[in-house]
file query_11.txt (compact mmCIF, C-alpha atoms)
# COMPACT_ATOMS: atom_id res chain seq x y z
CA MET A 1463 -39.78 33.19 12.53
CA THR A 1464 -38.03 33.73 9.24
CA GLU A 1465 -36.22 31.04 7.39
CA THR A 1466 -33.77 31.56 4.58
CA ALA A 1467 -34.88 29.55 1.57
CA LEU A 1468 -32.52 26.63 1.31
CA PRO A 1469 -31.38 25.69 -2.21
CA ASP A 1470 -33.35 22.70 -3.50
CA ALA A 1471 -30.53 20.16 -3.51
CA LEU A 1472 -29.54 20.90 0.09
CA ALA A 1473 -33.17 20.86 1.22
CA GLU A 1474 -33.69 17.48 -0.45
CA ILE A 1475 -30.62 16.03 1.19
CA ARG A 1476 -31.77 17.32 4.57
CA ASP A 1477 -35.23 15.82 4.12
CA GLU A 1478 -33.78 12.49 3.01
CA PHE A 1479 -31.86 12.28 6.28
CA LEU A 1480 -34.70 13.46 8.48
CA GLU A 1481 -37.09 10.85 7.07
CA LEU A 1482 -34.86 8.06 8.40
CA GLU A 1483 -34.35 6.62 11.87
CA GLU A 1484 -30.99 7.56 13.34
CA PRO A 1485 -29.08 4.32 12.62
CA ASP A 1486 -30.27 4.45 9.01
CA ARG A 1487 -28.99 8.00 8.71
CA LEU A 1488 -25.48 6.65 9.20
CA GLN A 1489 -26.08 4.23 6.33
CA LEU A 1490 -27.23 7.11 4.13
CA LEU A 1491 -24.12 9.07 5.05
CA LEU A 1492 -22.08 6.02 4.07
CA GLU A 1493 -23.82 6.04 0.68
CA PHE A 1494 -22.93 9.69 0.22
CA SER A 1495 -19.33 8.89 1.08
CA ARG A 1496 -19.23 6.36 -1.75
CA GLU A 1497 -20.60 8.93 -4.19
CA LEU A 1498 -17.85 11.51 -3.66
CA PRO A 1499 -16.30 12.00 -7.10
CA GLU A 1500 -12.53 11.92 -7.57
CA MET A 1501 -10.79 15.27 -7.38
CA PRO A 1502 -10.13 16.48 -10.97
CA ALA A 1503 -6.57 15.60 -12.01
CA VAL A 1504 -5.53 19.23 -12.28
CA TYR A 1505 -6.12 19.65 -8.52
CA ALA A 1506 -5.12 16.16 -7.46
CA GLU A 1507 -1.68 16.84 -8.93
CA SER A 1508 -1.25 20.24 -7.30
CA PRO A 1509 -2.41 19.95 -3.69
CA GLU A 1510 -1.21 23.51 -3.03
CA ALA A 1511 -4.21 24.75 -5.03
CA CYS A 1512 -6.53 23.11 -2.49
CA GLU A 1513 -7.40 24.15 1.02
CA ARG A 1514 -6.93 21.76 3.92
CA VAL A 1515 -9.92 21.63 6.25
CA ALA A 1516 -8.21 21.87 9.62
CA GLU A 1517 -11.40 21.17 11.59
CA CYS A 1518 -11.40 17.60 10.30
CA GLN A 1519 -9.11 15.02 11.88
CA SER A 1520 -8.41 13.48 8.48
CA PRO A 1521 -6.65 15.11 5.56
CA VAL A 1522 -9.50 16.72 3.66
CA PHE A 1523 -8.99 19.17 0.85
CA ILE A 1524 -11.55 21.35 -0.86
CA VAL A 1525 -11.41 23.64 -3.83
CA LEU A 1526 -14.20 25.83 -5.16
CA GLU A 1527 -14.46 27.29 -8.63
CA VAL A 1528 -16.61 30.27 -9.56
CA SER A 1529 -17.23 30.56 -13.30
CA ASP A 1530 -17.51 33.80 -15.24
CA GLY A 1531 -21.25 33.28 -15.10
CA ASP A 1532 -21.00 33.23 -11.27
CA VAL A 1533 -21.78 29.49 -11.03
CA VAL A 1534 -20.03 27.53 -8.28
CA THR A 1535 -18.44 24.09 -8.58
CA MET A 1536 -17.03 22.37 -5.51
CA HIS A 1537 -14.43 19.59 -5.48
CA ALA A 1538 -13.23 17.71 -2.44
CA SER A 1539 -10.96 14.83 -1.56
CA ALA A 1540 -10.76 12.76 1.59
CA PRO A 1541 -9.15 9.36 2.12
CA PRO A 1542 -11.20 6.15 2.03
CA GLU A 1543 -10.37 5.53 5.70
CA ALA A 1544 -12.37 8.67 6.57
CA PRO A 1545 -15.86 7.75 5.32
CA THR A 1546 -17.66 10.19 7.63
CA THR A 1547 -15.63 13.09 6.31
CA ARG A 1548 -16.10 11.85 2.75
CA GLY A 1549 -19.84 11.76 3.39
CA PHE A 1550 -19.86 15.37 4.64
CA ALA A 1551 -17.82 16.50 1.65
CA SER A 1552 -20.07 14.61 -0.74
CA ILE A 1553 -23.18 16.29 0.67
CA LEU A 1554 -21.65 19.71 0.14
CA VAL A 1555 -20.29 18.86 -3.32
CA GLN A 1556 -23.75 17.70 -4.41
CA GLY A 1557 -25.56 20.49 -2.61
CA LEU A 1558 -23.41 23.47 -3.56
CA SER A 1559 -22.24 22.69 -7.10
CA GLY A 1560 -24.39 24.42 -9.70
CA LEU A 1561 -25.58 27.17 -7.37
CA THR A 1562 -24.75 30.81 -8.00
CA ALA A 1563 -22.19 32.44 -5.74
CA ASP A 1564 -24.95 34.43 -4.03
CA GLU A 1565 -26.92 31.26 -3.35
CA VAL A 1566 -23.88 29.56 -1.82
CA LEU A 1567 -23.19 32.56 0.40
CA ALA A 1568 -26.82 32.52 1.55
CA VAL A 1569 -26.64 28.90 2.76
CA PRO A 1570 -27.09 29.07 6.54
CA ASP A 1571 -23.85 28.36 8.43
CA ASP A 1572 -25.73 25.93 10.66
CA TYR A 1573 -26.90 23.73 7.79
CA PRO A 1574 -24.77 20.80 9.07
CA GLN A 1575 -26.66 20.91 12.36
CA THR A 1576 -30.05 20.70 10.65
CA ILE A 1577 -29.71 17.40 8.81
CA GLY A 1578 -30.39 15.17 11.79
CA LEU A 1579 -26.90 13.78 12.21
CA THR A 1580 -25.69 15.67 15.27
CA ARG A 1581 -26.62 12.96 17.73
CA ALA A 1582 -25.84 9.98 15.53
CA VAL A 1583 -22.44 11.34 14.59
CA SER A 1584 -21.70 13.60 17.61
CA PRO A 1585 -21.48 17.40 17.74
CA LEU A 1586 -17.69 17.31 17.58
CA ARG A 1587 -17.73 15.48 14.28
CA ILE A 1588 -20.42 17.74 12.84
CA ALA A 1589 -18.03 20.63 13.57
CA GLY A 1590 -15.83 19.20 10.80
CA MET A 1591 -18.63 19.67 8.29
CA THR A 1592 -19.32 23.19 9.52
CA GLY A 1593 -15.63 23.99 9.02
CA MET A 1594 -15.88 22.67 5.48
CA LEU A 1595 -18.96 24.78 4.71
CA LEU A 1596 -17.47 27.98 6.15
CA ARG A 1597 -14.25 27.48 4.23
CA ALA A 1598 -16.21 26.76 1.04
CA LYS A 1599 -18.12 30.01 1.46
CA ARG A 1600 -14.94 31.93 2.12
CA GLN A 1601 -13.37 30.57 -1.07
CA VAL A 1602 -16.43 31.59 -3.04
CA ARG A 1603 -16.22 35.11 -1.61
CA GLU A 1604 -12.56 35.35 -2.59
CA LYS A 1605 -12.91 33.80 -6.03
CA ARG A 1606 -16.04 35.37 -7.43
CA PRO A 1607 -15.35 37.85 -10.24
CA ALA A 1608 -15.08 41.39 -8.91
CA MET B 976 -13.83 -16.73 30.77
CA ALA B 977 -10.46 -15.31 29.82
CA VAL B 978 -8.31 -16.36 26.90
CA GLU B 979 -4.59 -17.13 27.28
CA THR B 980 -2.15 -14.28 26.67
CA ASP B 981 -0.09 -13.83 23.53
CA THR B 982 3.39 -15.12 24.36
CA THR B 983 4.56 -15.38 20.75
CA SER B 984 6.29 -12.03 20.53
CA GLU B 985 9.76 -11.18 21.80
CA LYS B 986 8.91 -7.52 21.50
CA PHE B 987 5.89 -7.88 23.79
CA ALA B 988 7.91 -9.88 26.33
CA ALA B 989 10.14 -6.86 26.96
CA TYR B 990 7.19 -4.69 27.98
CA ALA B 991 6.13 -4.36 31.61
CA HIS B 992 2.71 -5.88 30.88
CA PRO B 993 2.96 -7.96 27.71
CA GLU B 994 -0.46 -9.44 28.40
CA ARG B 995 -2.00 -6.12 27.31
CA LEU B 996 -1.11 -6.62 23.63
CA VAL B 997 -1.95 -9.24 21.04
CA SER B 998 -0.48 -9.69 17.58
CA ALA B 999 -2.56 -10.00 14.43
CA ASP B 1000 -1.49 -13.64 13.94
CA TRP B 1001 -2.55 -14.50 17.46
CA LEU B 1002 -5.91 -12.83 17.01
CA GLN B 1003 -6.64 -14.27 13.60
CA GLU B 1004 -6.05 -17.80 14.91
CA ARG B 1005 -8.51 -17.23 17.75
CA LEU B 1006 -11.36 -15.38 16.03
CA GLY B 1007 -14.61 -16.82 17.35
CA ALA B 1008 -12.99 -18.38 20.42
CA PRO B 1009 -15.29 -18.55 23.45
CA GLY B 1010 -14.51 -15.86 26.00
CA LEU B 1011 -12.93 -13.56 23.42
CA VAL B 1012 -14.69 -10.44 22.15
CA VAL B 1013 -13.11 -8.21 19.53
CA VAL B 1014 -14.13 -4.54 19.67
CA GLU B 1015 -13.52 -1.90 17.01
CA SER B 1016 -13.33 1.71 18.19
CA ASP B 1017 -12.53 4.41 15.63
CA GLU B 1018 -12.18 8.10 15.20
CA ASP B 1019 -14.44 7.80 12.17
CA VAL B 1020 -17.93 6.72 13.18
CA LEU B 1021 -18.62 5.02 9.81
CA LEU B 1022 -15.38 3.14 9.32
CA TYR B 1023 -16.62 -0.05 10.99
CA GLU B 1024 -19.50 -0.17 8.50
CA THR B 1025 -17.08 -0.19 5.56
CA GLY B 1026 -15.61 -3.48 6.83
CA HIS B 1027 -14.31 -4.88 10.12
CA ILE B 1028 -12.63 -7.94 11.59
CA PRO B 1029 -15.12 -10.85 11.40
CA GLY B 1030 -17.13 -11.02 14.60
CA ALA B 1031 -15.96 -7.64 15.92
CA VAL B 1032 -18.51 -5.39 17.61
CA LYS B 1033 -18.39 -1.62 17.28
CA ILE B 1034 -18.17 0.75 20.22
CA ASP B 1035 -18.20 4.44 19.42
CA TRP B 1036 -16.80 6.64 22.15
CA HIS B 1037 -18.68 9.80 21.18
CA THR B 1038 -22.11 8.28 21.03
CA GLU B 1039 -21.76 5.31 23.38
CA LEU B 1040 -19.05 5.87 26.00
CA ASN B 1041 -19.82 9.54 26.67
CA ASP B 1042 -22.70 10.75 28.77
CA PRO B 1043 -25.03 12.48 26.29
CA VAL B 1044 -25.56 15.53 28.53
CA VAL B 1045 -22.77 16.05 31.06
CA ARG B 1046 -19.15 16.12 29.87
CA ASP B 1047 -18.36 12.79 31.48
CA TYR B 1048 -18.45 9.09 30.72
CA VAL B 1049 -21.47 6.89 31.13
CA ASP B 1050 -22.10 5.68 34.69
CA GLY B 1051 -22.03 2.11 35.96
CA GLU B 1052 -25.55 1.46 34.81
CA GLY B 1053 -24.95 2.92 31.37
CA PHE B 1054 -21.78 0.89 30.94
CA ALA B 1055 -23.53 -2.29 32.04
CA LYS B 1056 -26.33 -1.68 29.54
CA LEU B 1057 -23.90 -0.94 26.74
CA LEU B 1058 -21.75 -4.02 27.30
CA SER B 1059 -24.77 -6.27 27.79
CA ARG B 1060 -26.17 -5.05 24.49
CA LYS B 1061 -22.82 -5.68 22.78
CA GLY B 1062 -22.70 -9.21 24.19
CA ILE B 1063 -19.66 -8.72 26.41
CA ALA B 1064 -19.40 -10.51 29.77
CA ARG B 1065 -17.46 -9.18 32.74
CA ASP B 1066 -14.89 -12.00 32.54
CA ASP B 1067 -14.49 -11.91 28.76
CA THR B 1068 -11.14 -11.11 27.19
CA VAL B 1069 -11.71 -7.94 25.19
CA VAL B 1070 -9.32 -7.10 22.35
CA ILE B 1071 -9.78 -3.57 21.06
CA TYR B 1072 -8.45 -2.22 17.77
CA GLY B 1073 -9.10 0.88 15.72
CA ASP B 1074 -7.97 3.47 13.24
CA LYS B 1075 -5.19 6.04 13.65
CA ASN B 1076 -2.76 3.59 15.28
CA ASN B 1077 -5.25 2.57 17.93
CA TRP B 1078 -5.70 6.11 19.20
CA TRP B 1079 -9.42 5.63 19.87
CA ALA B 1080 -8.97 2.00 20.76
CA ALA B 1081 -6.64 3.09 23.58
CA TYR B 1082 -9.26 5.57 24.67
CA ALA B 1083 -11.90 2.85 24.85
CA LEU B 1084 -9.46 0.60 26.72
CA TRP B 1085 -8.90 3.36 29.26
CA VAL B 1086 -12.66 3.78 29.79
CA PHE B 1087 -13.06 0.00 30.18
CA SER B 1088 -10.32 0.24 32.81
CA LEU B 1089 -12.19 2.94 34.73
CA PHE B 1090 -14.91 0.33 35.19
CA GLY B 1091 -12.34 -2.25 36.23
CA HIS B 1092 -12.88 -4.58 33.29
CA GLU B 1093 -9.92 -6.78 34.01
CA ASP B 1094 -8.83 -8.35 30.76
CA VAL B 1095 -8.76 -5.74 28.05
CA ARG B 1096 -6.01 -5.68 25.42
CA LEU B 1097 -5.01 -3.85 22.24
CA LEU B 1098 -4.31 -5.37 18.84
CA ASP B 1099 -0.78 -4.17 18.02
CA GLY B 1100 -0.87 -2.20 14.77
CA GLY B 1101 -4.62 -1.66 14.88
CA ARG B 1102 -7.00 -1.59 11.98
CA ASP B 1103 -4.73 -0.18 9.27
CA ARG B 1104 -2.10 -2.88 9.65
CA TRP B 1105 -4.69 -5.66 9.77
CA ILE B 1106 -6.05 -4.44 6.44
CA ALA B 1107 -2.61 -3.73 4.94
CA GLU B 1108 -1.66 -7.34 5.64
CA GLY B 1109 -4.69 -8.55 3.71
CA ARG B 1110 -6.33 -10.21 6.71
CA PRO B 1111 -10.05 -11.06 6.68
CA ILE B 1112 -12.57 -8.22 6.74
CA THR B 1113 -16.35 -8.36 6.52
CA THR B 1114 -19.35 -6.05 6.49
CA ASP B 1115 -21.54 -8.75 8.10
CA LEU B 1116 -22.80 -7.67 11.49
CA PRO B 1117 -21.99 -10.11 14.31
CA GLN B 1118 -24.83 -11.85 16.10
CA ARG B 1119 -23.89 -12.01 19.76
CA GLU B 1120 -26.13 -13.12 22.58
CA VAL B 1121 -27.04 -10.34 24.97
CA THR B 1122 -25.18 -10.69 28.27
CA GLU B 1123 -25.92 -9.50 31.79
CA TYR B 1124 -22.94 -7.29 32.46
CA PRO B 1125 -23.02 -6.30 36.13
CA VAL B 1126 -23.42 -2.69 37.24
CA VAL B 1127 -19.97 -1.68 38.47
CA GLU B 1128 -19.48 1.92 39.53
CA ARG B 1129 -16.75 3.76 37.68
CA ASP B 1130 -13.64 4.40 39.76
CA ASP B 1131 -11.87 7.55 38.53
CA ARG B 1132 -9.38 7.84 41.36
CA GLU B 1133 -6.43 5.90 40.03
CA LEU B 1134 -6.50 6.43 36.29
CA ARG B 1135 -8.24 9.75 35.73
CA ALA B 1136 -7.19 13.29 36.68
CA TYR B 1137 -9.56 16.24 37.03
CA ARG B 1138 -8.47 19.85 36.67
CA GLU B 1139 -8.05 20.29 40.42
CA ASP B 1140 -5.94 17.12 40.52
CA VAL B 1141 -3.68 18.60 37.86
CA LEU B 1142 -3.33 21.85 39.81
CA ALA B 1143 -2.32 19.84 42.88
CA HIS B 1144 -0.03 17.73 40.72
CA LEU B 1145 2.05 20.69 39.40
CA GLY B 1146 5.69 20.04 40.19
CA ASN B 1147 5.33 16.40 39.17
CA PRO B 1148 5.81 15.18 35.59
CA LEU B 1149 3.23 16.15 32.98
CA ILE B 1150 3.30 14.92 29.38
CA ASP B 1151 1.64 17.03 26.69
CA VAL B 1152 0.98 14.68 23.77
CA ARG B 1153 -0.41 17.24 21.30
CA SER B 1154 1.39 18.52 18.19
CA PRO B 1155 4.30 20.96 18.67
CA GLU B 1156 2.13 23.81 17.30
CA GLU B 1157 -0.59 23.17 19.87
CA TYR B 1158 2.05 22.95 22.60
CA SER B 1159 3.77 26.22 21.76
CA GLY B 1160 0.48 28.05 21.34
CA GLU B 1161 0.71 29.06 17.68
CA ARG B 1162 -2.65 29.32 16.06
CA THR B 1163 -4.36 30.50 12.92
CA THR B 1164 -6.78 33.35 13.28
CA ALA B 1165 -7.54 34.11 9.63
CA PRO B 1166 -11.01 35.49 9.05
CA ALA B 1167 -13.88 32.98 8.71
CA TYR B 1168 -11.81 30.21 10.23
CA PRO B 1169 -13.82 28.65 13.03
CA GLU B 1170 -12.33 29.23 16.45
CA GLU B 1171 -10.37 26.49 18.14
CA GLY B 1172 -11.97 24.61 21.01
CA ALA B 1173 -10.19 26.60 23.73
CA LEU B 1174 -9.97 30.29 24.51
CA ARG B 1175 -6.23 30.36 25.21
CA ALA B 1176 -3.33 28.52 23.58
CA GLY B 1177 -0.16 27.07 25.05
CA HIS B 1178 0.53 24.32 27.56
CA ILE B 1179 0.39 23.51 31.27
CA PRO B 1180 3.55 24.87 33.00
CA SER B 1181 6.40 22.32 33.17
CA ALA B 1182 4.69 19.84 30.82
CA LYS B 1183 7.10 18.07 28.48
CA SER B 1184 6.10 17.82 24.84
CA VAL B 1185 6.02 14.25 23.56
CA PRO B 1186 3.55 13.97 20.65
CA TRP B 1187 1.63 10.73 21.09
CA ALA B 1188 2.56 9.24 17.72
CA ARG B 1189 6.22 9.07 18.72
CA ALA B 1190 5.36 5.84 20.52
CA VAL B 1191 4.40 4.25 17.22
CA ALA B 1192 6.70 2.76 14.58
CA GLU B 1193 6.22 3.38 10.87
CA ASP B 1194 4.20 0.21 10.43
CA GLY B 1195 1.69 1.38 13.06
CA THR B 1196 2.82 -1.00 15.81
CA PHE B 1197 4.21 0.12 19.16
CA LYS B 1198 7.95 0.79 19.20
CA PRO B 1199 10.09 -1.72 21.09
CA ARG B 1200 10.76 -1.23 24.78
CA GLU B 1201 14.23 0.30 24.48
CA GLU B 1202 13.05 2.93 21.98
CA LEU B 1203 10.14 3.86 24.22
CA ASP B 1204 12.48 4.07 27.22
CA ALA B 1205 14.76 6.38 25.26
CA ILE B 1206 11.86 8.74 24.56
CA TYR B 1207 9.99 8.75 27.87
CA ARG B 1208 12.75 8.03 30.40
CA GLY B 1209 15.57 9.57 28.37
CA GLU B 1210 14.18 12.66 26.64
CA ALA B 1211 11.18 13.36 28.87
CA GLY B 1212 13.08 12.46 32.05
CA LEU B 1213 10.49 10.18 33.64
CA ALA B 1214 11.85 7.98 36.44
CA ASP B 1215 10.56 4.95 38.34
CA GLY B 1216 8.16 5.94 41.07
CA ASP B 1217 7.06 9.13 39.30
CA SER B 1218 3.46 10.16 39.38
CA VAL B 1219 2.62 11.19 35.80
CA VAL B 1220 -0.33 12.97 34.19
CA ALA B 1221 -0.83 12.93 30.41
CA TYR B 1222 -3.12 15.27 28.51
CA CYS B 1223 -4.00 16.39 25.00
CA ARG B 1224 -7.05 18.26 23.65
CA ILE B 1225 -9.91 16.11 24.86
CA GLY B 1226 -8.11 13.14 26.37
CA GLU B 1227 -8.10 10.72 23.43
CA ARG B 1228 -4.53 10.99 22.20
CA SER B 1229 -3.31 11.05 25.80
CA SER B 1230 -4.97 7.74 26.57
CA HIS B 1231 -2.69 6.26 23.92
CA THR B 1232 0.31 7.66 25.83
CA TRP B 1233 -1.32 6.56 29.10
CA PHE B 1234 -1.36 3.01 27.72
CA VAL B 1235 2.32 3.23 26.77
CA LEU B 1236 3.41 4.57 30.16
CA LYS B 1237 1.18 2.32 32.24
CA HIS B 1238 1.22 -0.99 30.43
CA LEU B 1239 4.29 -1.00 28.19
CA LEU B 1240 6.75 0.89 30.43
CA GLY B 1241 5.24 -0.10 33.76
CA PHE B 1242 4.78 3.27 35.49
CA GLU B 1243 2.40 2.50 38.34
CA ASP B 1244 0.87 5.92 38.84
CA VAL B 1245 -0.24 7.36 35.50
CA ARG B 1246 -3.41 9.34 35.07
CA ASN B 1247 -5.12 10.69 31.97
CA TYR B 1248 -6.42 14.25 32.26
CA ASP B 1249 -9.38 13.95 29.89
CA GLY B 1250 -10.51 17.54 30.45
CA SER B 1251 -7.23 18.32 28.72
CA TRP B 1252 -6.66 21.50 26.74
CA THR B 1253 -10.31 22.17 25.92
CA GLU B 1254 -10.85 22.59 29.67
CA TRP B 1255 -7.48 24.00 30.79
CA GLY B 1256 -7.25 26.46 27.88
CA SER B 1257 -10.66 27.90 28.76
CA ALA B 1258 -10.49 27.78 32.56
CA VAL B 1259 -10.16 31.06 34.46
CA ARG B 1260 -6.83 31.84 36.14
CA VAL B 1261 -5.05 28.55 35.64
CA PRO B 1262 -1.36 29.01 34.75
CA ILE B 1263 -0.37 28.66 31.09
CA VAL B 1264 3.00 28.79 29.35
CA THR B 1265 3.51 29.61 25.67
CA GLY B 1266 6.52 28.80 23.50
CA THR B 1267 8.56 25.66 23.01
CA GLU B 1268 10.04 25.46 26.54
CA PRO B 1269 8.16 23.67 29.35
CA GLY B 1270 8.37 26.72 31.64
CA GLU B 1271 8.30 26.98 35.40
CA VAL B 1272 5.63 25.93 37.85
CA PRO B 1273 4.35 29.16 39.41
CA GLY B 1274 4.87 29.58 43.16
CA ARG B 1275 1.86 28.80 45.29
call {"tool": "encode", "arguments": {"input": "query_11.txt", "output": "structure tokens"}}
result
Amino acid sequence: MTETALPDALAEIRDEFLELEEPDRLQLLLEFSRELPEMPAVYAESPEACERVAECQSPVFIVLEVSDGDVVTMHASAPPEAPTTRGFASILVQGLSGLTADEVLAVPDDYPQTIGLTRAVSPLRIAGMTGMLLRAKRQVREKRPA
Amino acid sequence: MAVETDTTSEKFAAYAHPERLVSADWLQERLGAPGLVVVESDEDVLLYETGHIPGAVKIDWHTELNDPVVRDYVDGEGFAKLLSRKGIARDDTVVIYGDKNNWWAAYALWVFSLFGHEDVRLLDGGRDRWIAEGRPITTDLPQREVTEYPVVERDDRELRAYREDVLAHLGNPLIDVRSPEEYSGERTTAPAYPEEGALRAGHIPSAKSVPWARAVAEDGTFKPREELDAIYRGEAGLADGDSVVAYCRIGERSSHTWFVLKHLLGFEDVRNYDGSWTEWGSAVRVPIVTGTEPGEVPGR
């Protein structure tokens, strides 16, 4: 069995969740949702620059930057009445920002299913996070310097 | 023990079953009353934890009302266990509220109805309006005594439609409550976009498109009777005595419309097809129509 090495931040987040009992995992997700930083003003004022994550029921927007040095920064916004979605976005913002484009593209597509939330949150809801990750990776592919 | 109905609203009085709704004032005055249990049911599984109506218990439809293995609801035993754990008695008055204009609250109410829980009502306006009006909210978890809710087998016959029921129903009114884009069958297929939950797009032949949120006013409460009549009897052409089936993608939005047709407009025979588009749009050889017109029922 081979396993792609998961970037440290994402591996730590996964382990944090897996160490907890299921009801406590929801509390941890709630903490992540509170940590989601505001979208930078430049994006907040021009929503057309952001991508809507259609897999999520709530209006969620993500935007990824790839610097000249190939380093990725992710921003996301989701309304306060969608804490689960905010939590998912916050995990990805913390886990992907600072990685190189290659590292982001190597993150397994099924990462959302590995953090122990599928049953506590439901598979349907986890699909929203998968949609966010796949869209993030696609943006990185499109935006990295040629 | 049941609690008296809310008779304070002229708007409610015009509905076929006004006893199925309560206003926020009515509820706030009765919080903590014996025989009354407030239930929050949301799309977002964490929303309750960010603050809820004091004393309200949380019921999550994904993780608590669904069977964890089969695509079905819990059985009589599972429902009895769940409600006992939540501290709800069979004769309690249950008032359900939730996010998204009570979309999931209506879904929970419909499932309660499958088990014949008699007195189950919605809070008009739901969670958002309660909060917008600055009413009390808490993160304290309620301490309710465990009850002994009886095991009552679920009865799907009257309120629930299966795929084969819908096939047999063709020729009678169907209401598609999804968005116009889902109804017409447009879809995005850009690369790296995850696939939709169904293999084909479109709608069930002859179904009229009435997006669920049309039943809701701007402030999140249900529209008054005459406006609802104009939409469902006028535009969608429903008439007294009709047998109606409502559907959406997985049966949640359509339970909101089911509530409107059954309890607010008084149609006797309304069923929710919870298999909805995720089943119909993937089933082999069922008829499908694309485009904005309802289309014809194929000859049989």
call {"tool": "closest_residue", "arguments": {"input": "query_11.txt", "among": "A:Pro1485, A:Gly1578, A:Gly1557, A:Pro1607", "to": "chain B", "atoms": "all atoms listed in the file"}}
result
A:Pro1485
call {"tool": "residues_around", "arguments": {"input": "query_11.txt", "residues": "range 1087-1103 of chain B", "least_positions_apart": "3", "cutoff": "8 Å", "atoms": "all atoms listed in the file", "output": "PyMOL selection string"}}
result
chain B and resi 977+994-999+1002+1051+1065-1077+1080-1081+1083-1084+1106-1107+1127-1131+1134-1135+1194-1197
call {"tool": "closest_atom_pairs", "arguments": {"input": "query_11.txt", "of": "chain A", "to": "chain B", "cutoff": "12 Å", "atoms": "only C-alpha atoms", "output": "Markdown table"}}
result
| residue | atom | partner | partner_atom | distance |
| --- | --- | --- | --- | --- |
| A:Glu1484 | CA | B:Thr1038 | CA | 11.8 |
| A:Pro1485 | CA | B:Leu1021 | CA | 10.9 |
| A:Asp1486 | CA | B:Leu1021 | CA | 11.7 |
| A:Arg1487 | CA | B:Leu1021 | CA | 10.8 |
| A:Leu1488 | CA | B:Leu1021 | CA | 7.1 |
| A:Gln1489 | CA | B:Glu1024 | CA | 8.2 |
| A:Leu1490 | CA | B:Leu1021 | CA | 10.5 |
| A:Leu1491 | CA | B:Leu1021 | CA | 8.3 |
| A:Leu1492 | CA | B:Leu1021 | CA | 6.8 |
| A:Glu1493 | CA | B:Thr1025 | CA | 10.4 |
| A:Phe1494 | CA | B:Leu1021 | CA | 11.5 |
| A:Ser1495 | CA | B:Leu1021 | CA | 9.6 |
| A:Arg1496 | CA | B:Thr1025 | CA | 10.0 |
| A:Glu1513 | CA | B:Tyr1168 | CA | 11.9 |
| A:Arg1514 | CA | B:Tyr1168 | CA | 11.6 |
| A:Val1515 | CA | B:Tyr1168 | CA | 9.6 |
| A:Ala1516 | CA | B:Tyr1168 | CA | 9.1 |
| A:Glu1517 | CA | B:Pro1169 | CA | 8.0 |
| A:Cys1518 | CA | B:Asp1019 | CA | 10.4 |
| A:Gln1519 | CA | B:Glu1018 | CA | 8.3 |
| A:Ser1520 | CA | B:Asp1019 | CA | 9.1 |
| A:Pro1541 | CA | B:Leu1022 | CA | 11.4 |
| A:Pro1542 | CA | B:Leu1022 | CA | 8.9 |
| A:Glu1543 | CA | B:Leu1022 | CA | 6.6 |
| A:Ala1544 | CA | B:Asp1019 | CA | 6.0 |
| A:Pro1545 | CA | B:Leu1021 | CA | 5.9 |
| A:Thr1546 | CA | B:Leu1021 | CA | 5.7 |
| A:Thr1547 | CA | B:Asp1019 | CA | 8.0 |
| A:Arg1548 | CA | B:Leu1021 | CA | 10.1 |
| A:Gly1549 | CA | B:Leu1021 | CA | 9.4 |
| A:Phe1550 | CA | B:Leu1021 | CA | 11.6 |
| A:Asp1571 | CA | B:Ala1167 | CA | 11.0 |
| A:Leu1579 | CA | B:Thr1038 | CA | 11.4 |
| A:Thr1580 | CA | B:Thr1038 | CA | 10.0 |
| A:Arg1581 | CA | B:Thr1038 | CA | 7.3 |
| A:Ala1582 | CA | B:Thr1038 | CA | 6.9 |
| A:Val1583 | CA | B:Val1020 | CA | 6.6 |
| A:Ser1584 | CA | B:His1037 | CA | 6.0 |
| A:Pro1585 | CA | B:His1037 | CA | 8.8 |
| A:Leu1586 | CA | B:His1037 | CA | 8.4 |
| A:Arg1587 | CA | B:Asp1019 | CA | 8.6 |
| A:Ile1588 | CA | B:Val1020 | CA | 11.3 |
| A:Ala1589 | CA | B:Pro1169 | CA | 9.1 |
| A:Gly1590 | CA | B:Pro1169 | CA | 9.9 |
| A:Met1591 | CA | B:Pro1169 | CA | 11.2 |
| A:Thr1592 | CA | B:Pro1169 | CA | 8.5 |
| A:Gly1593 | CA | B:Pro1169 | CA | 6.4 |
| A:Met1594 | CA | B:Tyr1168 | CA | 9.8 |
| A:Leu1595 | CA | B:Ala1167 | CA | 10.4 |
| A:Leu1596 | CA | B:Ala1167 | CA | 6.7 |
| A:Arg1597 | CA | B:Tyr1168 | CA | 7.0 |
| A:Ala1598 | CA | B:Ala1167 | CA | 10.1 |
| A:Lys1599 | CA | B:Ala1167 | CA | 8.9 |
| A:Arg1600 | CA | B:Ala1167 | CA | 6.8 |
| A:Gln1601 | CA | B:Ala1167 | CA | 10.1 |
| A:Arg1603 | CA | B:Ala1167 | CA | 10.8 |
| A:Glu1604 | CA | B:Ala1167 | CA | 11.6 |
call {"tool": "atom_distance", "arguments": {"input": "query_11.txt", "atom1": "CA of Leu1057 in chain B", "atom2": "CA of Val1245 in chain B"}}
result
26.6 Å
call {"tool": "residues_around", "arguments": {"input": "query_11.txt", "residues": "Tyr1158 in chain B", "least_positions_apart": "6", "cutoff": "7 Å", "atoms": "only C-alpha atoms", "output": "short mmCIF file (atom, residue, chain, number, x, y, z; two decimals) with C-alpha atoms, in the frame of the given file"}}
result
data_model
loop_
_atom_site.label_atom_id
_atom_site.label_comp_id
_atom_site.auth_asym_id
_atom_site.auth_seq_id
_atom_site.Cartn_x
_atom_site.Cartn_y
_atom_site.Cartn_z
CA GLY B 1177 -0.16 27.07 25.05
CA HIS B 1178 0.53 24.32 27.56
CA SER B 1184 6.10 17.82 24.84
#
